[in-house]
Amino acid sequence: MATRQYAKSGFFRILFSIGLGILIGLVTDAFFTLISIWLIPEYRMFPLILEVPAAALCVVRIYFRREKPGYPDSNAKAIRPSAALLFGISMLIIIGNILYVIVLSSGMPHGNWDAWAMWNTRARILAFSDHWQDVFSPYLAHADYPILLPLWIAGKWRMIGSATPLVPICTQIIIYIGILFLAIGFIGLCSGAVFAAVGGVVIAIFASLPEYMPWQYADPLIAFTFVSAMVCLLMLDHTDEIAGYIAAGMCIGAPIAVKAEGGTFFVFAISALMFRLCYRLKQRMWRMGKIAGFVSGMAVPIFVFLFGKIFGTSH
């Protein structure tokens, strides 16, 4: 039964996994880039050396555990033709939005001036300066902002060896795809193909992300972390795997490492989580292994956040 359900909901599982994987990849890559810049700056490929084997292990693990979905599985029916048509429409709109972003970005390859001052300039310092601590200089705009997005961009620039504007442009597109895949995949797993198709069309048409993406702000990324955190809060009711708790901890902790607004969201998310934990304490929803997994996942973005705060204060 589990195999049959998995086969029929595999499309949404793939979308969900890609969307969640994009955010986890962003966070872990920023973390490894920080370690590389801080401790071994001469090894620019250090993050890639760790990430490729980790990604391969994840793919192998998903393949061998494909009969144990660990997520909600109300979508046990085949996708209807009407839903398939709506999916086709949403995909056309998404492709159109991406082309729209590319066209606008060609006219402002470095984003708006304040995006350059806040994010890309800091990424350039992290990537190529021998004095990377200058990224916390009070002479830079919003030097107190968290550094997860600049770290991600800096990591790619270090690997390429050039501060090409294609990296921040492609980053915005990747974030957009991650948000859509995560939302559509989760709706499909929870409520079925029809609701996922309708949700895909609504998000593709009414989401204002394509208007902000060419500016290269951190707003699309903070939105991505908010969506991922809320999805993970719901996901915890449907998985008993430690990996699910590690992913949830990383996604719930991610907003605090992106923008100042993420700190407020983080407090509310943790409060909601503690309330659920106390409410379901008698059911022993969380055991020590799950708590350890959640904390270890959350420790990655929190380390990035605290690193910036500590070095920024002492600069």
# chains A, B, ... in the order shown; residues from 1 in each chain; ligands from 1

$ residues_around --residues "Arg13 of chain A" --least-positions-apart "2" --cutoff "8 Å" --atoms "only C-alpha atoms" --output "list in words"
Ser9, Gly10, Phe11, Leu15, Phe16, Ser17, Gly185, Phe186 and Leu189 of chain A

$ residues_around --residues "segment 79-96 of chain A" --least-positions-apart "3" --cutoff "6 Å" --atoms "only C-alpha atoms" --output "MDAnalysis selection string"
chainID A and resid 99 193:194 197 200:201 204

$ write_last_selection --atoms "C-alpha atoms" --output "PDB file, in the first residue's frame"
ATOM      1  CA  LEU A  99      11.941  35.224 -18.504  1.00  0.00           C
ATOM      2  CA  ALA A 193      -3.667  17.310  -7.160  1.00  0.00           C
ATOM      3  CA  VAL A 194      -6.625  19.650  -7.738  1.00  0.00           C
ATOM      4  CA  ALA A 197      -2.929  22.831  -9.290  1.00  0.00           C
ATOM      5  CA  GLY A 200       0.124  26.722  -8.313  1.00  0.00           C
ATOM      6  CA  VAL A 201      -1.879  28.990 -10.617  1.00  0.00           C
ATOM      7  CA  ALA A 204       2.254  32.005 -10.061  1.00  0.00           C
TER       8      ALA A 204
END

$ residues_around --residues "Val135 of chain A" --least-positions-apart "4" --cutoff "12 Å" --atoms "only C-alpha atoms" --output "count of residues only"
33

$ closest_residue --among "A:Ile184, A:Ile153, A:Ile179, A:Ile18" --to "Val167 of chain A" --atoms "only C-alpha atoms"
A:Ile153

$ closest_atom_pairs --of "segment 156-231 of chain A" --to "segment 246-267 of chain A" --cutoff "12 Å" --atoms "only C-alpha atoms" --output "JSON lines"
{"residue": "A:Tyr217", "atom": "CA", "partner": "A:Lys259", "partner_atom": "CA", "distance": 10.3}
{"residue": "A:Ala218", "atom": "CA", "partner": "A:Val258", "partner_atom": "CA", "distance": 7.1}
{"residue": "A:Asp219", "atom": "CA", "partner": "A:Lys259", "partner_atom": "CA", "distance": 8.2}
{"residue": "A:Pro220", "atom": "CA", "partner": "A:Val258", "partner_atom": "CA", "distance": 10.3}
{"residue": "A:Leu221", "atom": "CA", "partner": "A:Val258", "partner_atom": "CA", "distance": 7.3}
{"residue": "A:Ile222", "atom": "CA", "partner": "A:Pro255", "partner_atom": "CA", "distance": 5.9}
{"residue": "A:Ala223", "atom": "CA", "partner": "A:Pro255", "partner_atom": "CA", "distance": 8.6}
{"residue": "A:Phe224", "atom": "CA", "partner": "A:Pro255", "partner_atom": "CA", "distance": 8.7}
{"residue": "A:Thr225", "atom": "CA", "partner": "A:Pro255", "partner_atom": "CA", "distance": 5.4}
{"residue": "A:Phe226", "atom": "CA", "partner": "A:Pro255", "partner_atom": "CA", "distance": 6.7}
{"residue": "A:Val227", "atom": "CA", "partner": "A:Cys251", "partner_atom": "CA", "distance": 9.1}
{"residue": "A:Ser228", "atom": "CA", "partner": "A:Cys251", "partner_atom": "CA", "distance": 5.9}
{"residue": "A:Ala229", "atom": "CA", "partner": "A:Ile252", "partner_atom": "CA", "distance": 4.5}
{"residue": "A:Met230", "atom": "CA", "partner": "A:Ile252", "partner_atom": "CA", "distance": 7.8}
{"residue": "A:Val231", "atom": "CA", "partner": "A:Ala248", "partner_atom": "CA", "distance": 8.6}

$ write_last_selection --atoms "N, CA and C atoms" --output "mmCIF file, in the first residue's frame"
data_model
loop_
_atom_site.group_PDB
_atom_site.id
_atom_site.type_symbol
_atom_site.label_atom_id
_atom_site.label_comp_id
_atom_site.auth_asym_id
_atom_site.auth_seq_id
_atom_site.Cartn_x
_atom_site.Cartn_y
_atom_site.Cartn_z
ATOM 1 N N TYR A 217 17.319 41.871 -3.632
ATOM 2 C CA TYR A 217 17.186 42.030 -2.186
ATOM 3 C C TYR A 217 17.153 40.649 -1.519
ATOM 4 N N ALA A 218 17.150 40.653 -0.195
ATOM 5 C CA ALA A 218 17.020 39.415 0.565
ATOM 6 C C ALA A 218 15.565 39.078 0.863
ATOM 7 N N ASP A 219 14.619 39.915 0.395
ATOM 8 C CA ASP A 219 13.205 39.667 0.701
ATOM 9 C C ASP A 219 12.692 38.339 0.143
ATOM 10 N N PRO A 220 13.004 37.960 -1.114
ATOM 11 C CA PRO A 220 12.562 36.638 -1.570
ATOM 12 C C PRO A 220 13.117 35.506 -0.718
ATOM 13 N N LEU A 221 14.369 35.629 -0.272
ATOM 14 C CA LEU A 221 14.950 34.571 0.555
ATOM 15 C C LEU A 221 14.285 34.508 1.922
ATOM 16 N N ILE A 222 13.989 35.654 2.532
ATOM 17 C CA ILE A 222 13.325 35.623 3.837
ATOM 18 C C ILE A 222 11.921 35.054 3.696
ATOM 19 N N ALA A 223 11.249 35.344 2.563
ATOM 20 C CA ALA A 223 9.934 34.743 2.311
ATOM 21 C C ALA A 223 10.059 33.231 2.175
ATOM 22 N N PHE A 224 11.111 32.784 1.506
ATOM 23 C CA PHE A 224 11.355 31.350 1.339
ATOM 24 C C PHE A 224 11.536 30.676 2.694
ATOM 25 N N THR A 225 12.292 31.304 3.578
ATOM 26 C CA THR A 225 12.506 30.714 4.901
ATOM 27 C C THR A 225 11.218 30.692 5.717
ATOM 28 N N PHE A 226 10.383 31.718 5.585
ATOM 29 C CA PHE A 226 9.109 31.736 6.304
ATOM 30 C C PHE A 226 8.222 30.571 5.853
ATOM 31 N N VAL A 227 8.097 30.413 4.537
ATOM 32 C CA VAL A 227 7.262 29.329 3.999
ATOM 33 C C VAL A 227 7.808 27.975 4.441
ATOM 34 N N SER A 228 9.114 27.794 4.343
ATOM 35 C CA SER A 228 9.721 26.515 4.719
ATOM 36 C C SER A 228 9.526 26.217 6.199
ATOM 37 N N ALA A 229 9.663 27.228 7.038
ATOM 38 C CA ALA A 229 9.491 27.019 8.477
ATOM 39 C C ALA A 229 8.061 26.603 8.803
ATOM 40 N N MET A 230 7.081 27.267 8.180
ATOM 41 C CA MET A 230 5.680 26.912 8.443
ATOM 42 C C MET A 230 5.362 25.517 7.935
ATOM 43 N N VAL A 231 5.904 25.163 6.778
ATOM 44 C CA VAL A 231 5.697 23.818 6.248
ATOM 45 C C VAL A 231 6.309 22.780 7.183
#

$ closest_residue --among "A:Ile102, A:Ala115, A:Ile177, A:Ala292" --to "Ile22 of chain A" --atoms "only C-alpha atoms"
A:Ile177

$ atom_distance --atom1 "atom CA of Leu209 of chain A" --atom2 "atom CA of Leu182 of chain A"
15.0 Å

$ residues_around --residues "Met213 of chain A" --least-positions-apart "6" --cutoff "8 Å" --atoms "only C-alpha atoms" --output "list in words"
Val101, Ile169, Gln172, Ile173 and Pro220 of chain A

$ write_last_selection --atoms "N, CA and C atoms" --output "mmCIF file, in the first residue's frame"
data_model
loop_
_atom_site.group_PDB
_atom_site.id
_atom_site.type_symbol
_atom_site.label_atom_id
_atom_site.label_comp_id
_atom_site.auth_asym_id
_atom_site.auth_seq_id
_atom_site.Cartn_x
_atom_site.Cartn_y
_atom_site.Cartn_z
ATOM 1 N N VAL A 101 11.996 38.135 -15.294
ATOM 2 C CA VAL A 101 13.076 38.477 -14.362
ATOM 3 C C VAL A 101 14.403 38.608 -15.107
ATOM 4 N N ILE A 169 21.743 36.965 -9.801
ATOM 5 C CA ILE A 169 20.535 36.846 -10.630
ATOM 6 C C ILE A 169 20.002 35.418 -10.577
ATOM 7 N N GLN A 172 18.325 34.482 -7.218
ATOM 8 C CA GLN A 172 16.933 34.906 -7.078
ATOM 9 C C GLN A 172 15.990 33.948 -7.799
ATOM 10 N N ILE A 173 16.376 33.491 -8.980
ATOM 11 C CA ILE A 173 15.541 32.552 -9.736
ATOM 12 C C ILE A 173 15.442 31.216 -9.008
ATOM 13 N N PRO A 220 13.004 37.960 -1.114
ATOM 14 C CA PRO A 220 12.562 36.638 -1.570
ATOM 15 C C PRO A 220 13.117 35.506 -0.718
#
